>>> print(open('data.csv').read())   # CSV, N, CA, C and O atoms
chain,number,residue,atom,x,y,z
A,10,MET,N,0.8,-1.2,0.0
A,10,MET,CA,0.0,0.0,0.0
A,10,MET,C,0.9,1.2,0.0
A,10,MET,O,0.6,2.1,-0.8
A,11,ALA,N,1.9,1.3,0.9
A,11,ALA,CA,2.7,2.5,1.0
A,11,ALA,C,3.5,2.7,-0.3
A,11,ALA,O,3.7,3.8,-0.8
A,12,GLY,N,3.9,1.6,-0.9
A,12,GLY,CA,4.7,1.6,-2.2
A,12,GLY,C,3.8,2.3,-3.3
A,12,GLY,O,4.3,3.0,-4.1
A,13,GLY,N,2.6,1.9,-3.3
A,13,GLY,CA,1.7,2.5,-4.3
A,13,GLY,C,1.5,4.0,-4.1
A,13,GLY,O,1.5,4.7,-5.1
A,14,ILE,N,1.4,4.4,-2.9
A,14,ILE,CA,1.2,5.8,-2.6
A,14,ILE,C,2.5,6.6,-3.0
A,14,ILE,O,2.4,7.6,-3.6
A,15,LEU,N,3.7,6.0,-2.7
A,15,LEU,CA,4.9,6.6,-3.0
A,15,LEU,C,5.1,6.7,-4.5
A,15,LEU,O,5.5,7.7,-5.1
A,16,GLY,N,4.7,5.7,-5.2
A,16,GLY,CA,4.7,5.7,-6.7
A,16,GLY,C,3.8,6.8,-7.3
A,16,GLY,O,4.2,7.5,-8.2
A,17,ASN,N,2.6,6.9,-6.7
A,17,ASN,CA,1.7,7.9,-7.2
A,17,ASN,C,2.2,9.3,-6.9
A,17,ASN,O,2.1,10.2,-7.7
A,18,ILE,N,2.8,9.5,-5.7
A,18,ILE,CA,3.5,10.8,-5.4
A,18,ILE,C,4.6,11.1,-6.4
A,18,ILE,O,4.7,12.2,-6.8
A,19,GLY,N,5.4,10.1,-6.7
A,19,GLY,CA,6.4,10.3,-7.7
A,19,GLY,C,5.9,10.7,-9.0
A,19,GLY,O,6.4,11.5,-9.7
A,20,GLY,N,4.7,10.1,-9.4
A,20,GLY,CA,4.1,10.5,-10.7
A,20,GLY,C,3.7,11.9,-10.7
A,20,GLY,O,3.8,12.7,-11.6
A,21,ILE,N,3.1,12.4,-9.5
A,21,ILE,CA,2.6,13.8,-9.4
A,21,ILE,C,3.8,14.7,-9.5
A,21,ILE,O,3.8,15.7,-10.2
A,22,VAL,N,4.9,14.3,-8.8
A,22,VAL,CA,6.1,15.2,-8.8
A,22,VAL,C,6.7,15.3,-10.2
A,22,VAL,O,7.1,16.4,-10.6
A,23,ASN,N,6.7,14.2,-10.9
A,23,ASN,CA,7.2,14.2,-12.3
A,23,ASN,C,6.3,15.1,-13.2
A,23,ASN,O,6.8,15.8,-14.1
A,24,ASN,N,5.0,15.0,-13.0
A,24,ASN,CA,4.1,15.9,-13.8
A,24,ASN,C,4.4,17.3,-13.5
A,24,ASN,O,4.4,18.1,-14.4
A,25,VAL,N,4.6,17.7,-12.2
A,25,VAL,CA,4.8,19.1,-11.9
A,25,VAL,C,6.2,19.5,-12.5
A,25,VAL,O,6.3,20.6,-13.0
A,26,ALA,N,7.1,18.6,-12.4
A,26,ALA,CA,8.5,19.0,-13.0
A,26,ALA,C,8.3,19.1,-14.5
A,26,ALA,O,9.0,20.0,-15.0
A,27,GLY,N,7.5,18.3,-15.1
A,27,GLY,CA,7.3,18.5,-16.5
A,27,GLY,C,6.7,19.8,-16.9
A,27,GLY,O,7.0,20.5,-17.9
A,28,ALA,N,5.7,20.2,-16.1
A,28,ALA,CA,5.1,21.5,-16.3
A,28,ALA,C,6.0,22.7,-16.2
A,28,ALA,O,6.0,23.6,-16.9
A,29,VAL,N,6.9,22.5,-15.2
A,29,VAL,CA,7.9,23.6,-15.0
A,29,VAL,C,8.9,23.7,-16.1
A,29,VAL,O,9.3,24.7,-16.5
A,30,THR,N,9.3,22.5,-16.6
A,30,THR,CA,10.4,22.5,-17.6
A,30,THR,C,9.8,22.5,-19.1
A,30,THR,O,10.6,22.4,-20.0
A,31,GLY,N,8.6,22.7,-19.2
A,31,GLY,CA,8.0,22.9,-20.6
A,31,GLY,C,7.4,21.6,-21.1
A,31,GLY,O,7.3,21.5,-22.3
A,32,GLY,N,6.9,20.7,-20.3
A,32,GLY,CA,6.2,19.6,-20.8
A,32,GLY,C,7.0,18.3,-21.0
A,32,GLY,O,6.4,17.3,-21.4
A,33,ALA,N,8.3,18.3,-20.7
A,33,ALA,CA,9.1,17.1,-20.9
A,33,ALA,C,8.8,16.1,-19.9
A,33,ALA,O,9.2,14.9,-20.0
A,34,GLY,N,8.0,16.4,-18.8
A,34,GLY,CA,7.8,15.4,-17.8
A,34,GLY,C,6.6,14.5,-18.0
A,34,GLY,O,6.3,13.7,-17.1
A,35,GLY,N,5.9,14.6,-19.1
A,35,GLY,CA,4.7,13.8,-19.3
A,35,GLY,C,5.1,12.3,-19.2
A,35,GLY,O,4.4,11.5,-18.6
A,36,ALA,N,6.2,11.9,-19.9
A,36,ALA,CA,6.6,10.5,-19.9
A,36,ALA,C,7.1,10.2,-18.5
A,36,ALA,O,6.9,9.1,-18.0
A,37,GLY,N,7.7,11.1,-17.8
A,37,GLY,CA,8.2,10.9,-16.5
A,37,GLY,C,7.1,10.7,-15.5
A,37,GLY,O,7.2,9.8,-14.6
A,38,GLY,N,6.0,11.3,-15.7
A,38,GLY,CA,4.8,11.1,-14.9
A,38,GLY,C,4.2,9.8,-15.1
A,38,GLY,O,3.8,9.1,-14.1
A,39,ALA,N,4.3,9.3,-16.3
A,39,ALA,CA,3.8,7.9,-16.6
A,39,ALA,C,4.7,6.9,-15.9
A,39,ALA,O,4.3,5.9,-15.3
A,40,ALA,N,6.0,7.2,-15.9
A,40,ALA,CA,7.0,6.3,-15.3
A,40,ALA,C,6.7,6.3,-13.8
A,40,ALA,O,6.9,5.3,-13.1
A,41,GLY,N,6.4,7.5,-13.2
A,41,GLY,CA,6.2,7.6,-11.8
A,41,GLY,C,4.9,6.8,-11.4
A,41,GLY,O,4.9,6.2,-10.3
A,42,GLY,N,3.9,6.9,-12.2
A,42,GLY,CA,2.7,6.1,-12.0
A,42,GLY,C,3.0,4.6,-12.0
A,42,GLY,O,2.5,3.9,-11.2
A,43,ALA,N,3.9,4.2,-12.9
A,43,ALA,CA,4.3,2.8,-13.0
A,43,ALA,C,5.0,2.4,-11.7
A,43,ALA,O,5.0,1.3,-11.3
A,44,GLY,N,5.7,3.4,-11.1
A,44,GLY,CA,6.4,3.1,-9.9
A,44,GLY,C,5.5,2.6,-8.8
A,44,GLY,O,6.0,1.8,-7.9
A,45,GLY,N,4.3,3.0,-8.8
A,45,GLY,CA,3.4,2.5,-7.8
A,45,GLY,C,3.1,1.0,-7.9
A,45,GLY,O,2.9,0.3,-7.0
A,46,ALA,N,3.2,0.6,-9.2
A,46,ALA,CA,2.9,-0.8,-9.4
A,46,ALA,C,4.0,-1.7,-8.9
A,46,ALA,O,3.8,-2.9,-8.5
A,47,ASP,N,5.3,-1.2,-8.9
A,47,ASP,CA,6.4,-2.0,-8.5
A,47,ASP,C,6.8,-1.7,-7.0
A,47,ASP,O,7.9,-2.0,-6.6
A,48,GLY,N,5.9,-1.2,-6.2
A,48,GLY,CA,6.1,-1.0,-4.8
A,48,GLY,C,6.9,0.3,-4.5
A,48,GLY,O,7.4,0.5,-3.5
A,49,GLY,N,6.9,1.3,-5.5
A,49,GLY,CA,7.5,2.6,-5.2
A,49,GLY,C,9.0,2.5,-5.3
A,49,GLY,O,9.7,3.4,-4.8
A,50,GLY,N,9.6,1.4,-5.9
A,50,GLY,CA,11.0,1.3,-5.9
A,50,GLY,C,11.7,2.4,-6.7
A,50,GLY,O,12.9,2.6,-6.6
A,51,SER,N,11.0,3.0,-7.6
A,51,SER,CA,11.6,4.1,-8.4
A,51,SER,C,11.5,5.4,-7.8
A,51,SER,O,11.7,6.4,-8.4
A,52,PHE,N,11.1,5.5,-6.5
A,52,PHE,CA,10.9,6.8,-5.9
A,52,PHE,C,12.2,7.6,-5.9
A,52,PHE,O,12.3,8.8,-6.1
A,53,ALA,N,13.3,6.9,-5.6
A,53,ALA,CA,14.7,7.6,-5.6
A,53,ALA,C,15.0,8.1,-7.0
A,53,ALA,O,15.5,9.2,-7.1
A,54,GLN,N,14.6,7.3,-8.0
A,54,GLN,CA,14.8,7.8,-9.4
A,54,GLN,C,14.0,9.0,-9.7
A,54,GLN,O,14.4,10.0,-10.3
A,55,ASN,N,12.7,9.0,-9.2
A,55,ASN,CA,11.8,10.1,-9.4
A,55,ASN,C,12.3,11.4,-8.7
A,55,ASN,O,12.3,12.5,-9.2
A,56,LEU,N,12.9,11.2,-7.5
A,56,LEU,CA,13.4,12.3,-6.8
A,56,LEU,C,14.6,12.9,-7.5
A,56,LEU,O,14.8,14.1,-7.6
A,57,ALA,N,15.5,12.0,-8.0
A,57,ALA,CA,16.6,12.5,-8.8
A,57,ALA,C,16.2,13.2,-10.0
A,57,ALA,O,16.8,14.2,-10.4
A,58,SER,N,15.2,12.7,-10.7
A,58,SER,CA,14.6,13.4,-11.8
A,58,SER,C,14.1,14.7,-11.5
A,58,SER,O,14.3,15.7,-12.2
A,59,LEU,N,13.4,14.8,-10.4
A,59,LEU,CA,12.9,16.1,-9.9
A,59,LEU,C,14.0,17.1,-9.7
A,59,LEU,O,13.9,18.3,-10.0
A,60,LYS,N,15.0,16.6,-9.0
A,60,LYS,CA,16.2,17.5,-8.7
A,60,LYS,C,16.8,18.0,-10.0
A,60,LYS,O,17.1,19.2,-10.1
A,61,GLN,N,17.0,17.1,-11.0
A,61,GLN,CA,17.5,17.5,-12.3
A,61,GLN,C,16.6,18.5,-13.0
A,61,GLN,O,17.1,19.5,-13.5
A,62,ALA,N,15.3,18.3,-13.0
A,62,ALA,CA,14.4,19.2,-13.6
A,62,ALA,C,14.4,20.6,-12.9
A,62,ALA,O,14.3,21.6,-13.6
A,63,SER,N,14.5,20.6,-11.6
A,63,SER,CA,14.6,21.8,-10.8
A,63,SER,C,15.9,22.6,-11.2
A,63,SER,O,15.8,23.8,-11.4
A,64,GLU,N,17.0,21.9,-11.3
A,64,GLU,CA,18.2,22.6,-11.7
A,64,GLU,C,18.1,23.1,-13.1
A,64,GLU,O,18.6,24.2,-13.3
A,65,ASP,N,17.5,22.4,-14.0
A,65,ASP,CA,17.3,22.9,-15.4
A,65,ASP,C,16.5,24.1,-15.4
A,65,ASP,O,16.7,25.1,-16.1
A,66,ALA,N,15.4,24.1,-14.6
A,66,ALA,CA,14.5,25.2,-14.6
A,66,ALA,C,15.2,26.4,-14.0
A,66,ALA,O,15.0,27.6,-14.5
A,67,GLN,N,16.0,26.2,-13.0
A,67,GLN,CA,16.7,27.4,-12.4
A,67,GLN,C,17.7,27.9,-13.4
A,67,GLN,O,17.9,29.2,-13.5
A,68,ALA,N,18.4,27.1,-14.2
A,68,ALA,CA,19.3,27.5,-15.2
A,68,ALA,C,18.6,28.3,-16.3
A,68,ALA,O,19.0,29.4,-16.7
A,69,LYS,N,17.4,27.8,-16.7
A,69,LYS,CA,16.6,28.6,-17.7
A,69,LYS,C,16.1,29.9,-17.2
A,69,LYS,O,16.1,30.9,-17.9
A,70,SER,N,15.8,29.9,-15.9
A,70,SER,CA,15.3,31.2,-15.3
A,70,SER,C,16.5,32.2,-15.3
A,70,SER,O,16.3,33.4,-15.6
A,71,MET,N,17.7,31.7,-14.9
A,71,MET,CA,18.8,32.7,-14.9
A,71,MET,C,19.1,33.2,-16.3
A,71,MET,O,19.4,34.3,-16.5
A,72,ASP,N,19.0,32.3,-17.3
A,72,ASP,CA,19.2,32.7,-18.7
A,72,ASP,C,18.2,33.8,-19.1
A,72,ASP,O,18.5,34.8,-19.8
A,73,LEU,N,16.9,33.5,-18.7
A,73,LEU,CA,15.9,34.5,-19.1
A,73,LEU,C,16.1,35.8,-18.4
A,73,LEU,O,15.9,36.9,-19.0
A,74,ARG,N,16.6,35.8,-17.2
A,74,ARG,CA,16.9,37.1,-16.4
A,74,ARG,C,18.0,37.8,-17.1
A,74,ARG,O,18.0,39.0,-17.3
A,75,LYS,N,19.1,37.1,-17.6
A,75,LYS,CA,20.2,37.7,-18.3
A,75,LYS,C,19.7,38.4,-19.6
A,75,LYS,O,20.1,39.5,-19.9
A,76,VAL,N,18.9,37.7,-20.3
A,76,VAL,CA,18.4,38.2,-21.6
A,76,VAL,C,17.5,39.4,-21.3
A,76,VAL,O,17.6,40.4,-22.0
A,77,SER,N,16.7,39.3,-20.3
A,77,SER,CA,15.8,40.4,-19.9
A,77,SER,C,16.6,41.7,-19.5
A,77,SER,O,16.3,42.8,-19.9
A,78,MET,N,17.6,41.5,-18.7
A,78,MET,CA,18.5,42.6,-18.3
A,78,MET,C,19.2,43.2,-19.5
A,78,MET,O,19.3,44.5,-19.6
A,79,GLN,N,19.7,42.4,-20.4
A,79,GLN,CA,20.3,42.9,-21.6
A,79,GLN,C,19.3,43.7,-22.5
A,79,GLN,O,19.7,44.8,-23.0
A,80,LEU,N,18.1,43.2,-22.6
A,80,LEU,CA,17.1,43.9,-23.4
A,80,LEU,C,16.8,45.2,-22.8
A,80,LEU,O,16.7,46.2,-23.5
A,81,GLY,N,16.7,45.3,-21.5
A,81,GLY,CA,16.4,46.5,-20.8
A,81,GLY,C,17.5,47.5,-21.0
A,81,GLY,O,17.3,48.7,-21.2
A,82,ALA,N,18.7,47.0,-20.9
A,82,ALA,CA,19.9,47.9,-21.1
A,82,ALA,C,19.9,48.4,-22.5
A,82,ALA,O,20.2,49.6,-22.8
A,83,ASP,N,19.6,47.6,-23.5
A,83,ASP,CA,19.6,48.0,-24.9
A,83,ASP,C,18.4,49.0,-25.1
A,83,ASP,O,18.6,50.0,-25.9
A,84,GLN,N,17.3,48.8,-24.5
A,84,GLN,CA,16.2,49.7,-24.7
A,84,GLN,C,16.5,51.1,-24.1
A,84,GLN,O,16.2,52.1,-24.6
A,85,SER,N,17.2,51.1,-22.9
A,85,SER,CA,17.6,52.3,-22.2
A,85,SER,C,18.5,53.1,-23.1
A,85,SER,O,18.5,54.3,-23.2
A,86,ALA,N,19.5,52.4,-23.7
A,86,ALA,CA,20.5,53.0,-24.5
A,86,ALA,C,19.8,53.6,-25.8
A,86,ALA,O,20.2,54.7,-26.2
A,87,ALA,N,18.9,52.9,-26.3
A,87,ALA,CA,18.2,53.4,-27.5
A,87,ALA,C,17.4,54.6,-27.2
A,87,ALA,O,17.3,55.6,-28.0
A,88,LYS,N,16.8,54.7,-26.0
A,88,LYS,CA,16.0,55.9,-25.6
A,88,LYS,C,16.9,57.1,-25.4
A,88,LYS,O,16.5,58.2,-25.6
A,89,GLU,N,18.1,56.9,-25.0
A,89,GLU,CA,19.0,58.0,-24.8
A,89,GLU,C,19.7,58.6,-26.0
A,89,GLU,O,20.2,59.7,-26.0
A,90,ARG,N,19.6,57.9,-27.1
A,90,ARG,CA,20.2,58.4,-28.4
A,90,ARG,C,19.3,59.5,-28.9
A,90,ARG,O,18.1,59.5,-28.8
A,91,PRO,N,19.9,60.5,-29.4
A,91,PRO,CA,19.1,61.7,-29.9
A,91,PRO,C,18.3,61.3,-31.1
A,91,PRO,O,18.7,60.5,-31.9
A,92,GLN,N,17.1,61.8,-31.1
A,92,GLN,CA,16.2,61.5,-32.2
A,92,GLN,C,16.6,62.4,-33.4
A,92,GLN,O,16.9,63.5,-33.3
A,93,GLN,N,16.5,61.7,-34.6
A,93,GLN,CA,16.9,62.5,-35.8
A,93,GLN,C,15.7,62.6,-36.8
A,93,GLN,O,14.9,61.8,-36.9
>>> encode(input="data.csv", output="structure tokens")
Amino acid sequence: MAGGILGNIGGIVNNVAGAVTGGAGGAGGAAGGAGGADGGGSFAQNLASLKQASEDAQAKSMDLRKVSMQLGADQSAAKERPQQ
């Protein structure tokens, strides 16, 4: 019983991770659901997958912040140029 619950939690975690990373976790969610069938033995794998997805999402967030800051700097520089 506990293994099935852990497998289901792993499936939910993978689905959330997929939503955060842009949908790549759909298959992971299915794998997490299958983890419930084998007694939750893949919980550690699901946790590792979640950690990796979180790290990837953080890296993407930092990249987006860098691009946003550069865009803001470019826009500010363009506004300061004299109009002709």
>>> closest_residue(input="data.csv", among="A:Met71, A:Gln84, A:Gly20, A:Arg90", to="Asn55 (chain A)", atoms="all atoms listed in the file")
A:Gly20
>>> atom_distance(input="data.csv", atom1="atom C of Ala53 (chain A)", atom2="atom N of Ser70 (chain A)")
23.6 Å
>>> closest_residue(input="data.csv", among="A:Asn23, A:Lys75, A:Lys88, A:Gly81", to="Ala62 (chain A)", atoms="only C-alpha atoms")
A:Asn23
>>> closest_residue(input="data.csv", among="A:Ser85, A:Ser58, A:Gln79, A:Ser51", to="Asn24 (chain A)", atoms="only C-alpha atoms")
A:Ser58
>>> decode(input="data.csv", residues="region 56-70 of chain A", atoms="all heavy atoms", output="mmCIF file, in the first residue's frame")
data_model
loop_
_atom_site.group_PDB
_atom_site.id
_atom_site.type_symbol
_atom_site.label_atom_id
_atom_site.label_comp_id
_atom_site.auth_asym_id
_atom_site.auth_seq_id
_atom_site.Cartn_x
_atom_site.Cartn_y
_atom_site.Cartn_z
ATOM 1 N N LEU A 56 12.865 11.176 -7.511
ATOM 2 C CA LEU A 56 13.417 12.285 -6.751
ATOM 3 C C LEU A 56 14.637 12.867 -7.470
ATOM 4 O O LEU A 56 14.795 14.090 -7.561
ATOM 5 C CB LEU A 56 13.783 11.821 -5.347
ATOM 6 C CG LEU A 56 14.120 12.912 -4.340
ATOM 7 C CD1 LEU A 56 12.961 13.877 -4.185
ATOM 8 C CD2 LEU A 56 14.451 12.283 -2.996
ATOM 9 N N ALA A 57 15.481 12.014 -7.999
ATOM 10 C CA ALA A 57 16.646 12.476 -8.758
ATOM 11 C C ALA A 57 16.210 13.214 -10.014
ATOM 12 O O ALA A 57 16.795 14.241 -10.384
ATOM 13 C CB ALA A 57 17.543 11.296 -9.121
ATOM 14 N N SER A 58 15.165 12.709 -10.656
ATOM 15 C CA SER A 58 14.630 13.365 -11.847
ATOM 16 C C SER A 58 14.077 14.739 -11.504
ATOM 17 O O SER A 58 14.274 15.701 -12.249
ATOM 18 C CB SER A 58 13.542 12.488 -12.470
ATOM 19 O OG SER A 58 12.944 13.139 -13.559
ATOM 20 N N LEU A 59 13.388 14.833 -10.380
ATOM 21 C CA LEU A 59 12.857 16.124 -9.939
ATOM 22 C C LEU A 59 13.987 17.101 -9.656
ATOM 23 O O LEU A 59 13.921 18.269 -10.027
ATOM 24 C CB LEU A 59 11.988 15.946 -8.699
ATOM 25 C CG LEU A 59 11.444 17.240 -8.095
ATOM 26 C CD1 LEU A 59 10.548 17.963 -9.093
ATOM 27 C CD2 LEU A 59 10.682 16.948 -6.821
ATOM 28 N N LYS A 60 15.042 16.619 -9.014
ATOM 29 C CA LYS A 60 16.186 17.488 -8.720
ATOM 30 C C LYS A 60 16.798 18.007 -10.017
ATOM 31 O O LYS A 60 17.104 19.193 -10.134
ATOM 32 C CB LYS A 60 17.231 16.715 -7.911
ATOM 33 C CG LYS A 60 18.418 17.544 -7.532
ATOM 34 C CD LYS A 60 19.416 16.759 -6.692
ATOM 35 C CE LYS A 60 20.633 17.610 -6.384
ATOM 36 N NZ LYS A 60 21.646 16.879 -5.653
ATOM 37 N N GLN A 61 16.954 17.139 -10.995
ATOM 38 C CA GLN A 61 17.525 17.545 -12.281
ATOM 39 C C GLN A 61 16.613 18.546 -12.980
ATOM 40 O O GLN A 61 17.080 19.546 -13.526
ATOM 41 C CB GLN A 61 17.763 16.320 -13.177
ATOM 42 C CG GLN A 61 18.412 16.663 -14.505
ATOM 43 C CD GLN A 61 19.791 17.257 -14.338
ATOM 44 O OE1 GLN A 61 20.582 16.807 -13.521
ATOM 45 N NE2 GLN A 61 20.100 18.281 -15.102
ATOM 46 N N ALA A 62 15.310 18.298 -12.957
ATOM 47 C CA ALA A 62 14.361 19.216 -13.583
ATOM 48 C C ALA A 62 14.395 20.569 -12.894
ATOM 49 O O ALA A 62 14.324 21.616 -13.559
ATOM 50 C CB ALA A 62 12.954 18.631 -13.537
ATOM 51 N N SER A 63 14.516 20.564 -11.580
ATOM 52 C CA SER A 63 14.598 21.818 -10.830
ATOM 53 C C SER A 63 15.856 22.595 -11.204
ATOM 54 O O SER A 63 15.811 23.807 -11.409
ATOM 55 C CB SER A 63 14.573 21.524 -9.328
ATOM 56 O OG SER A 63 14.753 22.706 -8.592
ATOM 57 N N GLU A 64 16.974 21.902 -11.298
ATOM 58 C CA GLU A 64 18.219 22.555 -11.677
ATOM 59 C C GLU A 64 18.134 23.124 -13.087
ATOM 60 O O GLU A 64 18.607 24.234 -13.341
ATOM 61 C CB GLU A 64 19.390 21.584 -11.550
ATOM 62 C CG GLU A 64 19.728 21.231 -10.115
ATOM 63 C CD GLU A 64 20.764 20.119 -9.988
ATOM 64 O OE1 GLU A 64 21.205 19.571 -11.019
ATOM 65 O OE2 GLU A 64 21.117 19.795 -8.845
ATOM 66 N N ASP A 65 17.518 22.379 -14.004
ATOM 67 C CA ASP A 65 17.344 22.862 -15.371
ATOM 68 C C ASP A 65 16.451 24.099 -15.404
ATOM 69 O O ASP A 65 16.731 25.060 -16.124
ATOM 70 C CB ASP A 65 16.747 21.771 -16.261
ATOM 71 C CG ASP A 65 17.707 20.617 -16.499
ATOM 72 O OD1 ASP A 65 18.921 20.769 -16.235
ATOM 73 O OD2 ASP A 65 17.221 19.550 -16.949
ATOM 74 N N ALA A 66 15.372 24.069 -14.623
ATOM 75 C CA ALA A 66 14.463 25.210 -14.572
ATOM 76 C C ALA A 66 15.166 26.435 -13.999
ATOM 77 O O ALA A 66 14.958 27.558 -14.481
ATOM 78 C CB ALA A 66 13.224 24.871 -13.745
ATOM 79 N N GLN A 67 16.004 26.244 -12.988
ATOM 80 C CA GLN A 67 16.747 27.361 -12.418
ATOM 81 C C GLN A 67 17.720 27.935 -13.432
ATOM 82 O O GLN A 67 17.877 29.157 -13.538
ATOM 83 C CB GLN A 67 17.491 26.923 -11.157
ATOM 84 C CG GLN A 67 16.598 26.691 -9.974
ATOM 85 C CD GLN A 67 17.352 26.168 -8.760
ATOM 86 O OE1 GLN A 67 18.533 25.840 -8.832
ATOM 87 N NE2 GLN A 67 16.656 26.093 -7.642
ATOM 88 N N ALA A 68 18.372 27.073 -14.202
ATOM 89 C CA ALA A 68 19.311 27.536 -15.222
ATOM 90 C C ALA A 68 18.569 28.329 -16.296
ATOM 91 O O ALA A 68 19.042 29.384 -16.737
ATOM 92 C CB ALA A 68 20.049 26.351 -15.849
ATOM 93 N N LYS A 69 17.393 27.838 -16.713
ATOM 94 C CA LYS A 69 16.603 28.559 -17.709
ATOM 95 C C LYS A 69 16.144 29.902 -17.164
ATOM 96 O O LYS A 69 16.139 30.905 -17.882
ATOM 97 C CB LYS A 69 15.386 27.730 -18.135
ATOM 98 C CG LYS A 69 15.727 26.559 -19.017
ATOM 99 C CD LYS A 69 14.482 25.789 -19.399
ATOM 100 C CE LYS A 69 14.816 24.566 -20.212
ATOM 101 N NZ LYS A 69 13.614 23.799 -20.582
ATOM 102 N N SER A 70 15.759 29.927 -15.902
ATOM 103 C CA SER A 70 15.329 31.175 -15.277
ATOM 104 C C SER A 70 16.463 32.194 -15.269
ATOM 105 O O SER A 70 16.255 33.374 -15.558
ATOM 106 C CB SER A 70 14.841 30.898 -13.853
ATOM 107 O OG SER A 70 14.490 32.100 -13.210
#
